[in-house]
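Colleague: This is entry-v9.txt, which holds compact mmCIF, C-alpha atoms:
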```txt
# COMPACT_ATOMS: atom_id res chain seq x y z
CA MET W 676 -36.34 -24.07 27.29
CA ARG W 677 -38.45 -22.46 24.58
CA VAL W 678 -38.01 -19.05 26.24
CA PHE W 679 -34.26 -19.61 26.37
CA ALA W 680 -34.14 -20.49 22.64
CA LEU W 681 -36.25 -17.45 21.83
CA ALA W 682 -33.91 -15.25 23.85
CA ILE W 683 -30.89 -16.59 21.94
CA ALA W 684 -32.64 -16.08 18.60
CA THR W 685 -33.61 -12.52 19.52
CA ALA W 686 -30.12 -11.76 20.80
CA SER W 687 -28.54 -13.05 17.59
CA MET W 688 -30.97 -11.03 15.44
CA VAL W 689 -30.22 -7.86 17.36
CA GLY W 690 -26.57 -8.71 17.91
CA ALA W 691 -25.57 -9.43 14.29
CA PRO W 692 -26.13 -5.88 12.99
CA VAL W 693 -24.42 -4.47 16.08
CA VAL W 694 -21.37 -6.65 15.45
CA LEU W 695 -21.33 -5.65 11.77
CA GLN W 696 -21.63 -1.99 12.71
CA ALA W 697 -18.79 -2.31 15.22
CA GLN W 698 -16.63 -4.01 12.59
CA ALA W 699 -17.35 -1.27 10.03
CA THR W 700 -16.48 1.40 12.60
CA GLU W 701 -13.23 -0.37 13.45
CA ALA W 702 -12.36 -0.71 9.74
CA CYS W 703 -13.10 2.97 9.20
CA MET W 704 -10.96 4.08 12.15
CA GLN W 705 -8.09 1.93 10.93
CA ALA W 706 -8.47 3.29 7.38
CA GLU W 707 -8.42 6.89 8.60
CA ALA W 708 -5.31 6.25 10.72
CA ASP W 709 -3.58 4.55 7.77
CA VAL W 710 -4.47 7.22 5.24
CA ARG W 711 -3.22 9.99 7.54
CA ARG W 712 0.13 8.22 7.52
CA ASP W 713 0.14 7.37 3.80
CA VAL W 714 -1.01 10.59 2.16
CA ASN W 715 1.81 12.99 1.50
CA GLY W 716 0.43 16.28 2.81
CA THR W 717 3.44 18.34 1.74
CA LEU W 718 3.05 17.20 -1.86
CA TRP W 719 -0.57 18.39 -1.98
CA ILE W 720 0.27 21.73 -0.34
CA VAL W 721 2.91 22.22 -3.04
CA ALA W 722 0.35 21.22 -5.73
CA GLY W 723 -2.18 23.73 -4.38
CA PHE W 724 0.46 26.43 -4.09
CA PHE W 725 1.79 26.14 -7.64
CA PHE W 726 -1.29 24.93 -9.56
CA GLY W 727 -4.10 26.65 -7.62
CA LEU W 728 -7.52 25.34 -8.57
CA LEU W 729 -5.97 22.69 -10.82
CA GLY W 730 -4.08 21.38 -7.79
CA ILE W 731 -7.30 21.26 -5.76
CA GLY W 732 -9.06 19.51 -8.65
CA ALA W 733 -6.30 16.93 -8.89
CA ALA W 734 -6.47 16.39 -5.12
CA TYR W 735 -10.18 15.64 -5.50
CA ILE W 736 -9.87 13.37 -8.53
CA ILE W 737 -6.77 11.35 -7.64
CA GLU W 738 -7.77 8.82 -5.01
CA PRO W 739 -5.13 7.24 -2.79
CA ASP W 740 -4.68 3.46 -3.08
CA PRO W 741 -5.54 1.48 0.04
CA PRO W 742 -2.64 -0.71 1.21
CA MET W 743 -3.30 -4.30 0.24
CA SER W 744 -1.68 -5.85 3.26
CA ARG W 745 -4.52 -4.38 5.36
CA LEU W 746 -7.08 -6.32 3.34
CA VAL W 747 -5.42 -9.72 3.47
CA GLY W 748 -7.52 -12.10 5.57
CA LYS W 749 -10.37 -9.63 6.12
CA ASP W 750 -14.00 -10.44 5.43
CA PRO W 751 -16.06 -8.63 2.74
CA GLY W 752 -17.73 -6.24 5.20
CA TYR W 753 -14.37 -5.05 6.48
CA VAL W 754 -12.95 -4.64 2.95
CA ALA W 755 -15.98 -2.62 1.85
CA ALA W 756 -15.86 -0.29 4.86
CA TYR W 757 -12.08 0.05 4.83
CA THR W 758 -11.76 0.92 1.12
CA ASP W 759 -14.65 3.40 1.33
CA CYS W 760 -13.27 5.20 4.36
CA TYR W 761 -9.69 5.13 3.09
CA LYS W 762 -10.56 6.79 -0.20
CA ARG W 763 -12.97 9.28 1.38
CA ALA W 764 -10.57 10.31 4.16
CA GLY W 765 -7.63 10.39 1.75
CA ARG W 766 -9.46 12.64 -0.67
CA SER W 767 -10.49 14.96 2.18
CA ILE W 768 -6.90 15.27 3.44
CA GLN W 769 -5.58 15.88 -0.08
CA VAL W 770 -8.15 18.57 -0.84
CA ASN W 771 -7.57 20.31 2.51
CA LYS W 772 -3.81 20.38 2.00
CA ALA W 773 -4.15 21.60 -1.59
CA LEU W 774 -6.53 24.29 -0.36
CA ILE W 775 -3.97 25.43 2.23
CA GLY W 776 -1.36 25.68 -0.53
CA CYS W 777 -3.75 27.56 -2.80
CA VAL W 778 -4.74 30.06 -0.08
CA ALA W 779 -1.08 30.57 0.89
CA SER W 780 -0.26 31.24 -2.75
CA ALA W 781 -3.17 33.72 -3.08
CA VAL W 782 -2.17 35.56 0.14
CA LEU W 783 1.45 35.74 -0.99
CA SER W 784 0.46 36.97 -4.46
CA THR W 785 -1.83 39.63 -2.96
CA ALA W 786 0.88 40.76 -0.55
CA CYS W 787 3.43 40.97 -3.38
CA TYR W 788 0.97 42.86 -5.58
CA GLY W 789 0.13 45.23 -2.70
CA ALA W 790 3.81 45.87 -2.02
CA TYR W 791 4.38 46.48 -5.74
CA CYS W 792 1.45 48.97 -5.87
CA CYS W 793 2.78 50.78 -2.79
CA MET W 794 6.21 51.01 -4.38
CA VAL W 795 4.76 52.36 -7.64
CA ALA W 796 2.54 54.84 -5.76
CA GLY W 797 5.49 55.89 -3.63
CA ALA W 798 7.68 56.35 -6.69
CA ALA W 799 4.93 58.31 -8.46
CA GLY W 800 4.45 60.48 -5.38
CA ALA W 801 8.16 61.15 -5.15
CA ALA W 802 8.29 62.02 -8.89
CA GLY W 803 5.28 64.37 -8.49
CA ALA W 804 6.94 66.14 -5.57
CA THR W 805 10.12 66.65 -7.61
CA TYR W 806 8.37 68.25 -10.56
CA MET I 52 17.12 -5.44 -3.41
CA LEU I 53 17.17 -4.93 -6.57
CA THR I 54 18.24 -8.44 -7.26
CA LEU I 55 15.06 -9.64 -5.58
CA LEU I 56 13.11 -8.06 -8.36
CA CYS I 57 15.15 -9.55 -11.13
CA THR I 58 13.23 -11.35 -13.79
CA LEU I 59 12.33 -14.99 -13.88
CA PRO I 60 11.54 -16.91 -17.09
CA ASP I 61 7.93 -16.26 -18.11
CA THR I 62 6.89 -19.88 -17.56
CA LEU I 63 7.95 -19.96 -13.92
CA TRP I 64 6.21 -18.91 -10.73
CA VAL I 65 7.52 -18.34 -7.23
CA SER I 66 5.23 -19.96 -4.71
CA GLY I 67 5.01 -21.00 -1.10
CA ALA I 68 3.03 -20.59 2.09
CA PHE I 69 2.82 -17.49 4.23
CA VAL I 70 1.69 -16.37 7.65
CA LYS I 71 0.97 -12.73 8.32
CA ILE I 72 1.31 -11.78 11.97
CA ALA I 73 -0.20 -8.43 12.89
CA PRO I 74 -1.72 -6.82 16.00
CA ASP I 75 -5.19 -7.66 14.69
CA GLY I 76 -4.48 -11.37 14.31
CA GLU I 77 -2.84 -14.03 12.17
CA VAL I 78 -3.58 -14.81 8.55
CA ALA I 79 -2.35 -17.93 6.75
CA GLY I 80 -2.37 -19.00 3.14
CA TYR I 81 -0.40 -19.57 -0.04
CA PHE I 82 1.13 -17.21 -2.56
CA TYR I 83 2.01 -17.41 -6.24
CA ILE I 84 4.10 -14.74 -7.94
CA LYS I 85 4.91 -14.19 -11.57
CA PRO I 86 7.25 -11.19 -11.30
CA GLY I 87 6.08 -8.16 -13.24
CA ASN I 88 2.82 -9.85 -14.17
CA ARG I 89 0.68 -11.27 -11.39
CA THR I 90 0.64 -12.02 -7.68
CA VAL I 91 -2.01 -14.27 -6.19
CA LEU I 92 -2.62 -14.81 -2.48
CA ARG I 93 -4.89 -17.61 -1.38
CA VAL I 94 -5.95 -17.00 2.21
CA VAL I 95 -7.22 -20.09 4.02
CA ARG I 96 -7.46 -18.75 7.56
CA PRO I 97 -9.37 -16.85 9.02
CA VAL I 98 -11.44 -16.40 5.86
CA ASN I 99 -11.58 -18.06 2.44
CA GLN I 100 -10.24 -15.28 0.23
CA ILE I 101 -8.27 -15.03 -3.01
CA LEU I 102 -6.42 -11.83 -3.92
CA TYR I 103 -5.27 -11.26 -7.50
CA MET I 104 -2.83 -8.41 -7.97
CA VAL I 105 -2.61 -7.54 -11.61
CA PRO I 106 -1.33 -4.25 -13.05
CA GLU I 107 -3.52 -1.35 -11.86
CA THR I 108 -6.08 -3.62 -10.20
CA LEU I 109 -6.55 -5.64 -7.04
CA ILE I 110 -9.24 -8.30 -7.28
CA ILE I 111 -10.48 -9.83 -4.03
CA TYR I 112 -12.71 -12.86 -4.40
CA TYR I 113 -14.71 -14.51 -1.61
CA PRO I 114 -15.91 -17.91 -2.90
CA ASP I 115 -18.02 -18.59 0.20
CA HIS I 116 -19.67 -15.15 0.25
CA ARG I 117 -19.95 -15.03 -3.57
CA LYS I 118 -18.54 -11.52 -3.57
CA LEU I 119 -15.85 -9.94 -5.73
CA PHE I 120 -14.10 -6.63 -5.16
CA LYS I 121 -12.33 -4.85 -7.99
CA ILE I 122 -10.13 -2.13 -6.52
CA ARG I 123 -8.10 0.25 -8.62
CA SER I 124 -4.59 0.10 -7.26
CA ARG I 125 -1.06 0.75 -8.40
CA HIS I 126 0.61 -1.31 -5.68
CA ARG I 127 2.90 -4.18 -6.56
CA PHE I 128 2.43 -6.06 -3.33
CA LEU I 129 4.63 -9.12 -2.88
CA GLU I 130 5.92 -9.00 -6.42
CA GLY I 131 9.40 -9.27 -5.08
CA GLY I 132 8.41 -10.10 -1.54
CA MET I 133 6.46 -7.12 -0.20
CA ALA I 134 4.95 -3.76 -1.14
CA SER I 135 8.03 -1.93 0.04
CA PHE I 136 10.00 -3.66 -2.69
CA THR I 137 8.72 -1.00 -5.04
CA VAL I 138 11.01 1.42 -3.26
CA GLU I 139 13.89 0.57 -5.49
CA GLU I 140 16.77 2.94 -5.83
CA GLU I 141 15.86 3.72 -9.41
CA ASN I 142 12.30 4.47 -8.41
CA LEU I 143 13.52 6.72 -5.61
CA ILE I 144 15.57 8.78 -8.03
CA ARG I 145 12.69 8.88 -10.51
CA ALA I 146 10.41 10.11 -7.70
CA GLY I 147 12.72 13.07 -7.05
CA PHE I 148 14.90 11.64 -4.29
CA MET I 149 18.53 12.71 -4.26
CA PHE I 150 21.45 10.53 -3.30
CA VAL I 151 23.04 11.97 -0.15
CA LYS I 152 25.77 9.61 1.04
CA GLU I 153 27.13 6.10 0.98
CA GLY I 154 29.09 4.21 3.59
CA LYS I 155 30.15 0.71 4.66
CA ARG I 156 29.65 -1.10 7.96
CA GLY I 157 31.30 -4.51 7.72
CA ASP I 158 29.77 -6.16 4.66
CA THR I 159 26.72 -3.88 4.77
CA LEU I 160 26.47 -1.08 2.23
CA LEU I 161 24.55 1.94 3.57
CA LYS I 162 22.98 4.49 1.25
CA THR I 163 20.91 7.55 2.13
CA TYR I 164 18.45 9.34 -0.12
CA THR I 165 16.42 12.45 0.63
CA HIS I 166 13.62 14.36 -1.02
CA PRO I 167 14.06 18.13 -0.58
CA ASN I 168 10.39 19.01 -1.01
CA LEU I 169 8.81 16.09 0.78
CA LYS I 170 11.23 16.24 3.70
CA THR I 171 11.55 12.47 3.61
CA THR I 172 14.77 10.55 4.13
CA VAL I 173 15.27 6.92 3.13
CA ASP I 174 18.17 4.78 4.37
CA ILE I 175 18.87 1.55 2.53
CA GLU I 176 21.12 -1.23 3.81
CA THR I 177 22.22 -3.93 1.39
CA VAL I 178 24.40 -7.00 1.79
CA ASN I 179 25.79 -8.62 -1.36
CA GLY I 180 23.33 -6.60 -3.44
CA TYR I 181 20.31 -7.75 -1.41
CA LEU I 182 18.24 -5.30 0.60
CA VAL I 183 18.25 -6.18 4.29
CA ASN I 184 16.90 -3.01 5.91
CA LEU I 185 15.01 0.05 4.80
CA TYR I 186 14.18 3.05 6.97
CA ALA I 187 11.97 5.88 5.79
CA ARG I 188 11.51 8.99 7.94
CA SER I 189 9.34 12.03 7.42
CA SER I 190 7.57 14.57 9.58
CA ASP I 191 4.51 12.27 9.54
CA GLY I 192 6.32 9.27 11.04
CA GLU I 193 8.76 6.48 10.42
CA MET I 194 8.68 3.13 8.68
CA LYS I 195 11.22 0.37 9.13
CA VAL I 196 11.29 -2.72 6.92
CA GLU I 197 13.54 -5.66 7.73
CA PHE I 198 14.20 -8.54 5.32
CA LYS I 199 15.59 -11.66 6.93
CA GLY I 200 16.77 -15.02 5.67
CA ILE I 201 17.26 -13.95 2.09
CA ARG I 202 18.28 -16.89 -0.07
CA GLU I 203 18.60 -17.60 -3.75
CA ILE I 204 15.78 -19.84 -4.95
CA TYR I 205 16.63 -19.56 -8.64
CA PRO I 206 19.84 -18.31 -10.25
CA GLY I 207 19.74 -14.55 -9.81
CA TYR I 208 16.40 -14.55 -7.95
CA ALA I 209 16.33 -14.38 -4.17
CA PHE I 210 13.50 -14.33 -1.65
CA PRO I 211 13.36 -13.52 2.08
CA ASP I 212 12.02 -15.83 4.81
CA THR I 213 10.62 -12.96 6.85
CA VAL I 214 9.62 -9.37 6.12
CA SER I 215 8.82 -7.20 9.15
CA THR I 216 7.37 -3.73 8.72
CA THR I 217 7.16 -1.36 11.68
CA PHE I 218 5.27 1.92 11.52
CA LEU I 219 5.94 4.68 14.02
CA THR I 220 3.51 7.58 14.13
CA GLY I 221 3.92 9.87 17.11
CA SER I 222 3.91 7.61 20.15
CA ARG I 223 2.08 4.81 18.31
CA SER I 224 3.91 1.89 16.82
CA SER I 225 2.67 -1.22 15.02
CA THR I 226 4.51 -4.13 13.48
CA GLU I 227 3.32 -6.42 10.74
CA LYS I 228 5.30 -9.51 9.86
CA PHE I 229 5.09 -11.84 6.85
CA VAL I 230 6.77 -15.22 7.28
CA TYR I 231 7.26 -17.32 4.15
CA TYR I 232 7.63 -21.11 4.11
CA SER I 233 8.54 -23.68 1.48
CA VAL I 234 9.30 -21.01 -1.11
CA SER I 235 10.23 -22.55 -4.45
CA VAL I 236 10.09 -21.95 -8.18
CA LYS I 237 7.41 -23.87 -10.03
CA PRO I 238 6.63 -24.34 -13.72
CA ASP I 239 3.19 -23.36 -15.11
CA SER I 240 2.04 -26.97 -15.07
CA LEU I 241 2.32 -27.22 -11.27
CA VAL I 242 0.35 -24.03 -10.56
CA PRO I 243 -3.43 -24.35 -9.95
CA ASP I 244 -5.77 -23.21 -12.71
CA TYR I 245 -7.47 -20.56 -10.54
CA VAL I 246 -4.08 -18.85 -10.26
CA LYS I 247 -3.22 -18.95 -13.97
CA ARG I 248 -6.69 -18.27 -15.37
CA PRO I 249 -8.96 -16.59 -12.82
CA SER I 250 -12.63 -17.17 -13.53
CA PHE I 251 -15.62 -16.29 -11.39
CA PRO I 252 -19.21 -17.55 -11.42
CA GLU I 253 -21.62 -15.22 -13.20
CA ASP I 254 -23.83 -14.76 -10.16
CA VAL I 255 -21.16 -13.26 -7.89
CA GLU I 256 -21.77 -9.74 -6.63
CA VAL I 257 -19.09 -7.43 -8.09
CA ILE I 258 -18.17 -4.36 -6.04
CA TYR I 259 -16.02 -1.69 -7.68
CA ARG I 260 -13.78 0.73 -5.78
CA GLY I 261 -11.91 3.57 -7.44
CA TRP I 262 -13.36 3.05 -10.92
CA ASP I 263 -16.15 5.61 -10.50
```
As a first step, turn the structure in this file into structure tokens.

Modeller:
Amino acid sequence: MRVFALAIATASMVGAPVVLQAQATEACMQAEADVRRDVNGTLWIVAGFFFGLLGIGAAYIIEPDPPMSRLVGKDPGYVAAYTDCYKRAGRSIQVNKALIGCVASAVLSTACYGAYCCMVAGAAGAAGATY
Amino acid sequence: MLTLLCTLPDTLWVSGAFVKIAPDGEVAGYFYIKPGNRTVLRVVRPVNQILYMVPETLIIYYPDHRKLFKIRSRHRFLEGGMASFTVEEENLIRAGFMFVKEGKRGDTLLKTYTHPNLKTTVDIETVNGYLVNLYARSSDGEMKVEFKGIREIYPGYAFPDTVSTTFLTGSRSSTEKFVYYSVSVKPDSLVPDYVKRPSFPEDVEVIYRGWD
């Protein structure tokens, strides 16, 4: 009987952290799925494209708000894990999208500038050949 | 919908009981709403939890765990029934949405808005000025919100019996339903003190999110 009680006590001591860990993982997975749906990727690409580094900075600073309905009826461990993961994943998505916009803008600007230089060089070459 | 958000005298609250039915289980409790000011949810099952939604902040208090979360948030959950209520027509236009078309199907007025940059389309269906359905579609997925059993509980102020929200992302779909019971308008004197004047013991652990 004593062995049985000891086994239960041991199992509960080992089991409790495992359950908490599993709950945190579940909360985090749910938060990441939700934030992928909630964050407006197009908006942050546009921000990165037009505002460059400022757009990326804003994407880093402005944290998305976790949806409240997901927190109703959840225990403190779940709320802590969910809000952490939601904000972290949201910020990561925002920054990545803004970065894509910023790089696209830089590539486009470089291409335009290169084309402009080629045109000027071509025009100068043509003028030199004439005179 | 728009009528759902109409103002109530400052001394009155909308209150009742609710059950949230979602794939991860059922949640039951009570709600108290002072439109434009405060929404309080008292969850009694499965956990003892009180949520205070005040402008810019969500406070979640666990009396049994002696824990308090302060989360920076701009949501206006349940103010007029549910979070999606913030998607008013005026707000859509202010957010850059453009009116596309309007039509009638029986007594239902259908309006479509679209956002050229965000590639998002929102369809709104209203009956007698009350929102009954809302569909939002974008490249990331779809959201459908249905409001059922809308009835006037105070002159000019209506409330639904059920709000169902379905999310569709790729092949995944999930539905969350809020069912409201015994919804009525109450004066200040009939609302519990913890709703009107939230106060927390000094020894509770306060956890901040979004204020760093």

Colleague: Interatomic distance between atom CA of I:Gly180 and atom CA of I:Thr226?

Modeller: 25.4 Å

Colleague: Could you please determine the separation between atom CA of I:Ile111 and atom CA of I:Asn88 in Å, to one decimal place?

Modeller: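 A separation of 16.7 Å between them.
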
Colleague: Grab the atom CA of I:Val196 to atom CA of I:Thr213 distance for me, in Å with one decimal place.

Modeller: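 Between atom CA of I:Val196 and atom CA of I:Thr213 the gap works out to 10.3 Å.
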
Colleague: Would you kindly return, as a list in words, each protein, DNA or RNA residue with an atom no farther than 12 Å from any atom of I:Arg248, considering only C-alpha atoms and excluding same-chain residues fewer than 5 positions away?

Modeller: Arg89, Val91, Tyr103, Asp239, Val242 and Pro243 of chain I

Colleague: Check every residue of chain W for an atom within 6 Å of chain I, counting all atoms listed in the file, and provide those that qualify as a list of chain:residue names.

Modeller: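 Here is what falls inside 6 Å: W:Thr717, W:Asp740, W:Gly748.
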
Colleague: For W:Asn771, find every residue with an atom within 10 Å (counting only C-alpha atoms), except residues of its own chain fewer than 6 positions away, and show them as JSON, numbers by chain.

Modeller: {"W": [716, 719, 720, 723, 731, 734, 735, 765, 777]}

Colleague: With all atoms listed in the file as the atoms that count, which of I:Leu161, I:Glu197, I:Ile110, I:Val65 lies nearest to W:Val754?

Modeller: I:Ile110

Colleague: For W:Ala779, find every residue with an atom within 9 Å (counting all atoms listed in the file), except residues of its own chain fewer than 5 positions away, and show them as a list in words.

Modeller: Gly723, Phe724, Leu774 and Ser784 of chain W
